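Engineer: Input work.txt, format and content: compact mmCIF, C-alpha atoms and all ligand atoms.
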# COMPACT_ATOMS: atom_id res chain seq x y z
CA MET A 6 0.00 0.00 0.00
CA ASP A 7 1.35 3.46 -0.85
CA ARG A 8 1.33 6.31 1.66
CA ASN A 9 -1.84 7.89 0.23
CA SER A 10 -3.75 4.64 0.51
CA ILE A 11 -2.65 4.24 4.11
CA VAL A 12 -3.82 7.77 4.93
CA ARG A 13 -7.14 7.13 3.11
CA ALA A 14 -7.62 3.86 5.01
CA ALA A 15 -6.87 5.54 8.35
CA LEU A 16 -9.34 8.33 7.57
CA ALA A 17 -11.98 5.78 6.61
CA VAL A 18 -11.47 3.92 9.90
CA SER A 19 -11.72 7.09 11.94
CA ALA A 20 -14.80 8.21 9.96
CA MET A 21 -16.41 4.82 10.66
CA ALA A 22 -15.58 5.21 14.37
CA ALA A 23 -17.13 8.68 14.37
CA ILE A 24 -20.29 7.35 12.66
CA ALA A 25 -20.49 4.46 15.15
CA SER A 26 -20.09 6.79 18.11
CA ALA A 27 -22.57 9.28 16.64
CA GLN A 28 -25.12 6.49 16.86
CA THR A 29 -24.09 5.30 20.29
CA SER A 30 -24.85 6.93 23.57
CA LEU A 31 -22.44 6.93 26.47
CA LYS A 32 -24.80 4.83 28.58
CA ASP A 33 -25.16 2.22 25.85
CA ALA A 34 -21.47 2.14 25.01
CA PHE A 35 -20.60 1.26 28.62
CA GLN A 36 -23.67 -0.90 29.34
CA GLY A 37 -22.56 -3.86 31.44
CA ALA A 38 -19.29 -2.13 32.37
CA PHE A 39 -20.38 0.82 34.54
CA ARG A 40 -23.10 3.44 34.73
CA VAL A 41 -22.34 6.80 33.12
CA GLY A 42 -23.78 10.00 34.56
CA ALA A 43 -23.68 13.74 34.94
CA ALA A 44 -24.19 16.32 37.66
CA LEU A 45 -27.28 18.43 36.93
CA ASN A 46 -28.31 21.99 37.67
CA PRO A 47 -31.96 23.06 38.10
CA GLY A 48 -32.25 24.29 34.50
CA GLN A 49 -31.57 20.77 33.29
CA PHE A 50 -33.73 18.74 35.69
CA GLU A 51 -36.59 21.26 35.53
CA GLU A 52 -36.22 21.08 31.73
CA ARG A 53 -36.00 24.86 31.22
CA ASP A 54 -32.74 24.00 29.48
CA ALA A 55 -34.40 21.73 26.92
CA ARG A 56 -31.15 21.03 25.08
CA GLY A 57 -29.33 20.08 28.27
CA ALA A 58 -32.21 17.91 29.46
CA ALA A 59 -32.30 16.11 26.10
CA ILE A 60 -28.57 15.33 26.31
CA VAL A 61 -29.02 13.94 29.81
CA LYS A 62 -31.92 11.69 28.76
CA THR A 63 -30.10 10.39 25.70
CA GLN A 64 -26.64 9.91 27.11
CA PHE A 65 -26.75 9.09 30.83
CA ASN A 66 -28.30 6.51 33.16
CA THR A 67 -27.31 8.08 36.47
CA ILE A 68 -27.54 11.66 37.76
CA SER A 69 -26.06 13.65 40.63
CA PRO A 70 -27.36 17.00 41.94
CA GLU A 71 -24.67 19.65 41.51
CA ASN A 72 -25.96 21.78 44.41
CA VAL A 73 -29.59 21.27 45.46
CA LEU A 74 -28.99 18.58 48.10
CA LYS A 75 -26.17 20.40 49.86
CA TRP A 76 -27.05 21.43 53.40
CA GLU A 77 -27.31 25.18 52.67
CA SER A 78 -29.71 24.51 49.80
CA VAL A 79 -31.96 21.88 51.31
CA HIS A 80 -31.84 22.96 54.98
CA PRO A 81 -31.06 26.69 54.99
CA ARG A 82 -32.49 27.46 58.44
CA ALA A 83 -32.77 25.37 61.59
CA ASP A 84 -36.52 25.10 61.39
CA SER A 85 -37.06 24.90 57.64
CA PHE A 86 -36.20 22.66 54.75
CA ASN A 87 -36.30 23.68 51.08
CA PHE A 88 -37.23 20.48 49.32
CA ALA A 89 -38.79 21.81 46.10
CA PRO A 90 -35.62 21.81 43.91
CA ALA A 91 -34.48 18.44 45.26
CA ASP A 92 -37.97 17.00 44.69
CA HIS A 93 -37.78 18.17 41.04
CA TYR A 94 -34.35 16.58 40.71
CA VAL A 95 -35.58 13.22 42.02
CA GLU A 96 -38.77 13.36 39.93
CA PHE A 97 -36.69 13.98 36.78
CA GLY A 98 -34.54 10.97 37.62
CA GLU A 99 -37.56 8.76 38.21
CA ARG A 100 -39.32 9.86 35.02
CA ASN A 101 -36.20 8.92 33.08
CA HIS A 102 -35.35 5.70 34.96
CA MET A 103 -32.05 7.02 36.25
CA PHE A 104 -29.91 5.71 39.10
CA ILE A 105 -30.25 8.73 41.38
CA ILE A 106 -27.41 9.96 43.59
CA GLY A 107 -27.66 12.22 46.64
CA HIS A 108 -24.82 14.73 47.14
CA THR A 109 -23.97 15.43 49.95
CA LEU A 110 -24.93 14.96 53.61
CA VAL A 111 -21.90 16.04 55.65
CA TRP A 112 -19.38 18.53 54.26
CA HIS A 113 -17.36 21.44 55.64
CA ASN A 114 -18.48 23.67 52.73
CA GLN A 115 -21.94 24.96 51.87
CA THR A 116 -23.08 24.28 55.42
CA PRO A 117 -24.69 27.26 57.17
CA ARG A 118 -23.00 28.68 60.26
CA TRP A 119 -26.11 28.06 62.41
CA VAL A 120 -25.53 24.30 62.13
CA PHE A 121 -22.60 24.57 64.52
CA GLN A 122 -24.13 27.11 66.91
CA ASP A 123 -26.88 27.24 69.51
CA GLU A 124 -29.67 29.86 69.55
CA ASN A 125 -27.28 32.35 71.24
CA ALA A 126 -24.62 31.81 68.53
CA ALA A 127 -22.43 29.94 71.03
CA PRO A 128 -20.65 26.83 69.72
CA LEU A 129 -22.67 23.66 69.96
CA GLY A 130 -21.41 20.72 72.05
CA ARG A 131 -20.80 17.20 70.73
CA ASP A 132 -24.17 15.71 71.68
CA ALA A 133 -26.17 18.61 70.29
CA LEU A 134 -24.28 18.58 66.97
CA LEU A 135 -24.66 14.81 66.68
CA GLN A 136 -28.37 15.25 67.29
CA ARG A 137 -28.53 17.94 64.58
CA MET A 138 -26.64 15.75 62.12
CA HIS A 139 -28.95 12.85 62.94
CA ASP A 140 -32.09 14.95 62.39
CA HIS A 141 -30.77 16.31 59.09
CA ILE A 142 -29.80 12.90 57.72
CA ARG A 143 -32.99 11.21 58.95
CA THR A 144 -35.14 13.93 57.36
CA VAL A 145 -33.32 14.24 54.02
CA VAL A 146 -32.44 10.58 53.42
CA GLY A 147 -35.81 9.53 54.85
CA ARG A 148 -37.72 11.77 52.44
CA TYR A 149 -36.12 10.08 49.43
CA LYS A 150 -35.94 6.55 50.88
CA GLY A 151 -36.10 3.98 48.09
CA ARG A 152 -35.83 6.76 45.46
CA ILE A 153 -32.29 8.07 45.86
CA SER A 154 -30.16 4.94 45.47
CA GLY A 155 -26.77 6.15 46.68
CA TRP A 156 -25.57 8.93 48.99
CA ASP A 157 -22.29 10.80 49.30
CA VAL A 158 -22.50 10.60 53.08
CA VAL A 159 -19.29 12.44 53.91
CA ASN A 160 -17.53 14.70 51.42
CA GLU A 161 -13.89 15.83 51.45
CA ALA A 162 -13.00 15.02 55.07
CA LEU A 163 -9.28 14.64 54.32
CA ASN A 164 -6.41 17.11 53.97
CA ASP A 165 -3.85 16.66 51.19
CA ASP A 166 -1.46 15.06 53.69
CA GLY A 167 -4.03 12.38 54.54
CA THR A 168 -4.90 13.70 58.00
CA LEU A 169 -8.49 14.53 58.88
CA ARG A 170 -9.51 18.07 57.97
CA GLN A 171 -10.04 20.29 61.02
CA SER A 172 -13.66 21.02 60.13
CA GLN A 173 -16.30 22.08 62.61
CA TRP A 174 -17.60 18.51 62.43
CA LEU A 175 -14.28 17.13 63.58
CA LYS A 176 -13.58 19.83 66.14
CA ILE A 177 -16.95 19.56 67.85
CA ILE A 178 -17.83 15.87 67.51
CA GLY A 179 -14.41 14.22 67.24
CA ASP A 180 -13.12 11.81 64.61
CA ASP A 181 -16.06 9.42 64.96
CA TYR A 182 -18.28 11.96 63.19
CA ILE A 183 -17.72 10.12 59.92
CA ALA A 184 -18.80 6.73 61.28
CA GLN A 185 -21.79 8.36 62.96
CA ALA A 186 -22.91 9.98 59.70
CA PHE A 187 -22.76 6.62 57.91
CA ARG A 188 -24.74 4.95 60.74
CA PHE A 189 -27.45 7.63 60.59
CA ALA A 190 -27.69 7.31 56.79
CA HIS A 191 -27.93 3.51 56.97
CA GLU A 192 -30.62 3.78 59.63
CA ALA A 193 -32.63 6.21 57.45
CA ASP A 194 -32.46 4.00 54.33
CA PRO A 195 -30.91 0.56 54.90
CA ALA A 196 -31.05 -0.25 51.17
CA ALA A 197 -29.18 2.87 49.96
CA GLU A 198 -25.58 2.66 48.80
CA LEU A 199 -23.34 4.83 50.97
CA TYR A 200 -20.15 6.53 49.78
CA TYR A 201 -17.15 8.43 51.07
CA ASN A 202 -16.27 11.05 48.41
CA ASP A 203 -13.05 13.05 47.94
CA TYR A 204 -10.65 14.56 45.40
CA SER A 205 -6.90 14.15 44.69
CA LEU A 206 -6.87 10.50 45.76
CA GLU A 207 -4.02 9.94 43.28
CA ASN A 208 -1.87 11.86 45.75
CA PRO A 209 -0.27 8.97 47.74
CA ALA A 210 -0.44 10.71 51.14
CA LYS A 211 -4.10 11.59 50.74
CA ARG A 212 -4.90 8.13 49.38
CA LYS A 213 -3.21 6.53 52.38
CA GLY A 214 -5.48 8.58 54.64
CA ALA A 215 -8.54 7.50 52.63
CA ILE A 216 -7.53 3.85 52.79
CA GLU A 217 -7.02 4.04 56.56
CA LEU A 218 -10.38 5.73 56.92
CA ILE A 219 -12.21 3.09 54.85
CA ARG A 220 -10.48 0.22 56.66
CA LYS A 221 -11.40 1.74 60.03
CA LEU A 222 -15.04 2.20 59.02
CA LYS A 223 -15.21 -1.39 57.79
CA ALA A 224 -13.54 -2.72 60.96
CA GLU A 225 -16.20 -0.90 62.99
CA GLY A 226 -18.94 -2.60 60.99
CA VAL A 227 -20.01 0.61 59.21
CA SER A 228 -21.89 0.07 55.95
CA ILE A 229 -19.89 1.65 53.07
CA THR A 230 -20.43 0.63 49.46
CA ALA A 231 -17.89 2.66 47.55
CA VAL A 232 -15.30 5.35 47.65
CA GLY A 233 -15.98 8.23 45.29
CA SER A 234 -12.89 9.49 43.51
CA GLN A 235 -13.91 12.88 42.13
CA GLU A 236 -11.35 13.17 39.27
CA HIS A 237 -11.25 16.92 38.76
CA ASP A 238 -8.30 16.37 36.43
CA SER A 239 -6.38 18.45 33.91
CA LEU A 240 -4.42 17.87 30.71
CA ARG A 241 -1.30 17.72 32.89
CA GLY A 242 -2.30 15.12 35.41
CA PRO A 243 -2.77 12.84 37.17
CA SER A 244 -1.20 10.29 34.83
CA ALA A 245 -3.09 7.19 33.70
CA GLU A 246 -0.67 5.13 35.80
CA GLU A 247 -1.50 7.16 38.90
CA VAL A 248 -5.25 6.82 38.34
CA ASP A 249 -4.80 3.09 37.72
CA ALA A 250 -2.82 2.63 40.94
CA ALA A 251 -5.29 4.70 42.95
CA ILE A 252 -8.26 2.62 41.79
CA SER A 253 -6.44 -0.66 42.53
CA GLU A 254 -5.35 0.41 46.00
CA LEU A 255 -8.71 1.89 46.97
CA ALA A 256 -10.55 -1.22 45.72
CA ALA A 257 -8.21 -3.46 47.75
CA THR A 258 -10.04 -2.24 50.87
CA GLY A 259 -13.07 -4.21 49.62
CA VAL A 260 -15.24 -1.31 48.43
CA LYS A 261 -16.23 -0.36 44.89
CA VAL A 262 -14.73 2.75 43.28
CA ASN A 263 -16.95 5.36 41.67
CA ILE A 264 -15.61 8.19 39.52
CA THR A 265 -17.94 10.87 40.80
CA GLU A 266 -17.06 14.34 39.45
CA LEU A 267 -15.04 13.85 36.28
CA ASP A 268 -13.84 16.80 34.23
CA ILE A 269 -10.56 17.69 32.52
CA ASP A 270 -9.37 21.28 32.75
CA VAL A 271 -7.56 22.53 29.62
CA LEU A 272 -6.87 26.04 30.93
CA PRO A 273 -3.54 27.26 32.31
CA ARG A 274 -2.95 26.54 35.93
CA ALA A 275 -4.04 29.50 38.00
CA SER A 276 -2.50 28.35 41.25
CA ARG A 277 0.07 25.90 42.52
CA GLN A 278 -2.77 24.24 44.37
CA ALA A 279 -4.34 21.30 42.51
CA GLY A 280 -7.56 19.59 43.52
CA ALA A 281 -11.02 21.06 43.96
CA ASP A 282 -10.98 23.20 47.08
CA VAL A 283 -13.91 25.52 46.38
CA SER A 284 -12.55 28.22 48.69
CA LEU A 285 -9.58 28.86 46.36
CA LYS A 286 -9.93 32.16 44.45
CA VAL A 287 -7.48 33.69 41.97
CA ASP A 288 -7.78 37.12 40.27
CA ALA A 289 -8.72 37.19 36.58
CA GLN A 290 -5.91 37.88 34.05
CA ALA A 291 -6.08 37.57 30.26
CA LYS A 292 -3.26 35.04 30.14
CA LEU A 293 -5.31 32.73 32.36
CA ASN A 294 -8.19 32.77 29.87
CA PRO A 295 -6.53 32.04 26.51
CA TYR A 296 -9.42 30.33 24.69
CA ALA A 297 -12.20 32.87 25.19
CA ALA A 298 -12.71 32.97 21.40
CA GLY A 299 -12.66 29.19 20.92
CA LEU A 300 -10.63 26.06 21.59
CA PRO A 301 -7.68 25.50 19.20
CA GLU A 302 -7.79 22.19 17.34
CA ASP A 303 -4.59 20.86 18.92
CA VAL A 304 -5.99 21.40 22.41
CA GLN A 305 -9.29 19.82 21.36
CA GLN A 306 -7.36 16.75 20.20
CA ALA A 307 -5.23 16.70 23.36
CA LEU A 308 -8.44 16.70 25.41
CA ALA A 309 -9.83 13.78 23.37
CA LYS A 310 -6.61 11.83 23.87
CA ARG A 311 -6.61 12.51 27.59
CA TYR A 312 -10.26 11.42 27.96
CA ALA A 313 -9.50 8.22 26.01
CA GLU A 314 -6.56 7.46 28.27
CA LEU A 315 -8.60 7.93 31.45
CA PHE A 316 -11.54 5.91 30.14
CA GLY A 317 -9.04 3.20 29.18
CA VAL A 318 -8.20 2.95 32.88
CA PHE A 319 -11.86 2.97 33.98
CA TRP A 320 -12.63 0.30 31.37
CA LYS A 321 -9.78 -1.86 32.65
CA HIS A 322 -11.34 -1.63 36.13
CA ARG A 323 -14.96 -2.11 35.01
CA GLY A 324 -16.83 -4.04 37.67
CA THR A 325 -14.65 -2.44 40.34
CA VAL A 326 -15.52 0.96 38.90
CA THR A 327 -19.32 0.84 38.89
CA ARG A 328 -20.10 4.44 37.93
CA VAL A 329 -18.43 7.30 36.04
CA THR A 330 -20.16 10.67 36.51
CA PHE A 331 -19.16 13.89 34.72
CA TRP A 332 -19.38 17.08 36.78
CA GLY A 333 -21.70 18.89 34.39
CA VAL A 334 -23.31 18.31 30.99
CA THR A 335 -21.95 20.93 28.56
CA ASP A 336 -18.87 23.14 28.75
CA GLY A 337 -21.07 26.19 29.28
CA ASN A 338 -22.45 24.77 32.56
CA SER A 339 -19.19 23.70 34.13
CA TRP A 340 -18.12 25.05 37.54
CA LEU A 341 -14.66 25.41 35.93
CA ASN A 342 -15.85 28.57 34.15
CA ASN A 343 -15.74 30.15 37.61
CA TRP A 344 -13.07 28.30 39.59
CA PRO A 345 -10.55 29.24 40.73
CA VAL A 346 -10.81 32.32 38.48
CA ALA A 347 -14.23 33.88 37.84
CA GLY A 348 -15.44 34.32 34.25
CA ARG A 349 -13.07 32.05 32.31
CA THR A 350 -14.13 30.13 29.20
CA SER A 351 -13.55 26.50 30.06
CA TYR A 352 -13.80 23.33 27.96
CA PRO A 353 -13.70 20.38 30.38
CA LEU A 354 -16.59 18.14 29.23
CA LEU A 355 -17.72 16.03 26.24
CA PHE A 356 -20.37 18.45 24.93
CA ASP A 357 -19.60 21.98 23.74
CA ARG A 358 -21.51 25.19 24.50
CA LYS A 359 -23.99 24.40 21.74
CA GLY A 360 -24.58 20.91 23.11
CA GLU A 361 -22.64 19.31 20.23
CA LYS A 362 -20.45 16.28 20.80
CA LYS A 363 -16.77 17.10 20.90
CA PRO A 364 -13.98 14.87 19.53
CA ALA A 365 -13.53 13.73 23.15
CA PHE A 366 -16.99 12.13 22.98
CA ASP A 367 -15.95 9.90 20.06
CA ALA A 368 -12.68 9.09 21.80
CA VAL A 369 -14.52 7.96 24.95
CA VAL A 370 -17.06 5.84 23.09
CA ALA A 371 -14.26 4.25 21.05
CA VAL A 372 -12.74 2.89 24.29
CA ALA A 373 -15.76 0.62 24.72
CA GLN A 374 -15.79 -0.41 21.06
CA LYS A 375 -12.24 -1.75 20.87
O1 LIG B 1 -27.41 29.95 44.39
C1 LIG B 1 -26.61 31.15 44.48
C2 LIG B 1 -27.30 32.28 43.86
O2 LIG B 1 -28.48 32.56 44.58
C3 LIG B 1 -26.38 33.50 43.84
O3 LIG B 1 -26.98 34.56 43.17
C4 LIG B 1 -25.04 33.14 43.13
C5 LIG B 1 -24.05 34.28 43.15
O4 LIG B 1 -22.74 33.82 43.25
O5 LIG B 1 -24.49 32.07 43.81
C6 LIG B 1 -25.30 30.91 43.78
O6 LIG B 1 -24.66 29.90 44.47
C7 LIG B 1 -23.55 29.31 43.83
C8 LIG B 1 -23.87 27.82 43.67
O7 LIG B 1 -22.73 27.17 43.17
C9 LIG B 1 -25.04 27.56 42.73
O8 LIG B 1 -24.74 28.05 41.45
C10 LIG B 1 -22.32 29.51 44.70
O9 LIG B 1 -21.96 30.87 44.71
C11 LIG B 1 -21.19 28.69 44.18
O10 LIG B 1 -20.11 28.75 45.11
C12 LIG B 1 -21.62 27.26 44.04
O11 LIG B 1 -20.55 26.52 43.51
C13 LIG B 1 -20.66 25.12 43.59
C14 LIG B 1 -19.54 24.58 44.48
O12 LIG B 1 -19.55 23.17 44.46
C15 LIG B 1 -19.72 25.00 45.92
O13 LIG B 1 -20.90 24.43 46.43
C16 LIG B 1 -20.51 24.56 42.18
O14 LIG B 1 -21.67 24.94 41.42
C17 LIG B 1 -20.40 23.04 42.22
O15 LIG B 1 -20.08 22.55 40.95
C18 LIG B 1 -19.30 22.64 43.19
O16 LIG B 1 -19.28 21.22 43.28
C19 LIG B 1 -18.25 20.67 44.11
C20 LIG B 1 -18.80 19.42 44.74
O17 LIG B 1 -19.99 19.69 45.43
C21 LIG B 1 -17.78 18.77 45.66
N1 LIG B 1 -16.51 18.55 44.99
C22 LIG B 1 -15.95 19.69 44.29
C23 LIG B 1 -16.99 20.27 43.31
C24 LIG B 1 -16.42 21.39 42.51
O18 LIG B 1 -16.11 22.45 43.34
So that I can check it, write out the structure of this file as structure tokens.
Structural biologist:
Amino acid sequence: MDRNSIVRAALAVSAMAAIASAQTSLKDAFQGAFRVGAALNPGQFEERDARGAAIVKTQFNTISPENVLKWESVHPRADSFNFAPADHYVEFGERNHMFIIGHTLVWHNQTPRWVFQDENAAPLGRDALLQRMHDHIRTVVGRYKGRISGWDVVNEALNDDGTLRQSQWLKIIGDDYIAQAFRFAHEADPAAELYYNDYSLENPAKRKGAIELIRKLKAEGVSITAVGSQEHDSLRGPSAEEVDAAISELAATGVKVNITELDIDVLPRASRQAGADVSLKVDAQAKLNPYAAGLPEDVQQALAKRYAELFGVFWKHRGTVTRVTFWGVTDGNSWLNNWPVAGRTSYPLLFDRKGEKKPAFDAVVAVAQK
């Protein structure tokens, strides 16, 4: 075969792959391997964003709520719950036969100050805070019993060095607050899957802390189904080898591994700090927002390659990895347009701002078609 024929043959193969993936949804491509999902905002699950809702229905079989089940959203004041948005989220999932995730019960962020204070704004004691945590979990998990199938019970309890974060939960209750939260969730819905969820678990020190935590919970007889590895990744890292090792080591504790908040940042690094600490803020500068007018083709292809490499790892661990959830639906909705720099134009997902599939979509589907 001459060079031109080889190029023509390669183009034909890639065109066939693109046609095959154009006809295949993510959920169908990975059927039998793991569920594929996305985090939704109210516009999507209330179907005001018709295009976004259509993508979700076509492509995904599991959903997570980006914000509406966080404490400050669902339980803004001591004596009142705000269930309407969360009800709409769950109803959307039920109408579309989705595996519905609850995110998140106990976190140091997005939790109102009153939670940790008495009526005189004095710090609460251990018993009172445990009682408050119990009431919250019983009410929220209980409301959606049998409807929400899996809960992020505790979110981001670890520091980067693997020690427990000095949150108000830890300071007031002590380090058994995590086990207590899992017990309360299990009591409220014994059939629900329960997860510990965190980011940067490819970092060996943090992973070691997570593994110790999971082993301790299991030794105490606490019901934990899976560890959620968020995967807020970038073009630079973590490497496929690091993700592979992290999944193997986490799974060796005897729990499943879920990829819970996947996205791949293509923008320049705005801070030395990696991860997903929502409190990080960096001032806007033009050089930190280089693709405001569009994503160059080479970066688009680099993103596709990076997605393929990560899905290659998830595919290898299918069965151990039981769910892969993207943190958003289209690039326009991603939290990465506003973190850690406000107002950037970010491109971390498989669907562009018009809702069109990106080359990364074909690259991901192709992993399951090899
Ligand atoms: O709802 C208010 C709105 O009333 C107000 O006008 C507006 C002005 O800023 O803010 C709105 O709240 C924002 C909320 O998202 C809903 O859009 C908050 O400011 C903003 O901080 C919040 O960001 C969310 C962040 O968690 C903090 O809760 C992101 O959307 C969400 O993607 C992100 O998700 C987290 C996961 O829960 C845990 N892991 C990391 C991940 C990414 O940070």
Engineer: What is the CA of Gly360 in chain A-CA of Ser78 in chain A distance in Å, reported with one decimal?
Structural biologist: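 Answer for the CA of Gly360 in chain A to CA of Ser78 in chain A separation: 27.4 Å.
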Engineer: Assuming 6 Å of padding per side, give the centre and edge lengths of the axis-aligned box around every listed atom of ligand LIG 1 (chain B), in Å to one decimal and as lines of an AutoDock Vina configuration file.
Structural biologist:
center_x = -22.2
center_y = 26.6
center_z = 43.7
size_x = 24.5
size_y = 28.0
size_z = 17.5
Engineer: Can you pull out every residue with an atom within 9 Å of ligand LIG 1 (chain B)? Use only C-alpha atoms and all ligand atoms and format it as number ranges by chain.
Structural biologist: A: 44, 46, 70-73, 75, 77-78, 108-109, 112, 114-115, 160-161, 202-204, 235, 237, 265-266, 280-284, 332-333, 338-341, 343-344
Engineer: A:Pro117, A:Ala91, A:Leu135, A:Arg323: which is nearest Arg148 in chain A, counting all atoms listed in the file?
Structural biologist: A:Ala91
Engineer: In Å to one decimal, how far is CA of Ala162 in chain A from CA of His113 in chain A?
Structural biologist: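 Taking CA of His113 in chain A and CA of Ala162 in chain A, their separation equals 7.8 Å.
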Engineer: So, counting all atoms listed in the file, which residue among A:Lys286, A:Ala224, A:Arg311, A:Glu198 is closest to Ser244 in chain A?
Structural biologist: A:Arg311
Engineer: Any idea what's packed within 6 Å of Arg358 in chain A, counting only C-alpha atoms, ignoring anything in its chain fewer than 5 positions away? Could you give it as a ChimeraX atom specification?
Structural biologist: /A:335-337
Engineer: Residues within 10 Å of Arg188 in chain A, please, as an MDAnalysis selection string. Count only C-alpha atoms; anything in the same chain fewer than 4 positions from it doesn't count.
Structural biologist: chainID A and resid 139 142 158 182:184 192:193 195 199 226:229
Engineer: Which distance in Å separates CA of Ala43 in chain A and CA of Phe97 in chain A, to one decimal?
Structural biologist: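 We find that CA of Ala43 in chain A and CA of Phe97 in chain A lie 13.1 Å from each other.
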Engineer: Would you pick out the contacts of Thr144 in chain A at 12 Å or less, using all atoms listed in the file, so that residues sharing its chain but fewer than 5 positions from it are not included, and give the list as a PyMOL selection string?
Structural biologist: chain A and resi 76+79-80+84-88+110+137-139+149-150+189-190+192-194
Engineer: Given the choices A:Gln36, A:Gln173, A:Asn208, A:Thr67, which gets closest to Phe331 in chain A if the distance is worked out from only C-alpha atoms?
Structural biologist: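 Of all the options, A:Thr67 lies closest to Phe331 in chain A.
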Engineer: When distances are computed from all atoms listed in the file, which of A:Asp180, A:Ile68, A:Pro128, A:Glu236 shows the smallest separation from Lys221 in chain A?
Structural biologist: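 Among the listed residues, the smallest separation from Lys221 in chain A belongs to A:Asp180.
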Engineer: In terms of the shortest atom-to-atom distance over only C-alpha atoms, which of A:Val334, A:Val120, A:Ala373, A:Ala126 is closest to Lys359 in chain A?
Structural biologist: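 Among A:Val334, A:Val120, A:Ala373, A:Ala126, it is A:Val334 that comes nearest to Lys359 in chain A.
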Engineer: Which residues, written as a list in words, have at least one atom at most 12 Å from Val248 in chain A, with only C-alpha atoms counted and residues fewer than 5 positions away on the same chain left out?
Structural biologist: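 What passes the distance filter is Tyr204, Ser205, Leu206, Glu207, Asn208, Pro209, Arg212, Ser234, Gln235, Glu236, His237, Asp238, Gly242, Pro243, Ser253, Glu254, Leu255, Val262, Ile264, Glu314, Leu315, Phe316, Gly317, Val318, Phe319, Lys321, His322 and Val326 of chain A.
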Engineer: So, with only C-alpha atoms as the atoms that count, which of A:Gln64, A:Asn101, A:Ala313, A:Glu51 lies closest to Ala34 in chain A?
Structural biologist: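 When distances to Ala34 in chain A are compared using only C-alpha atoms, the smallest one comes from A:Gln64.
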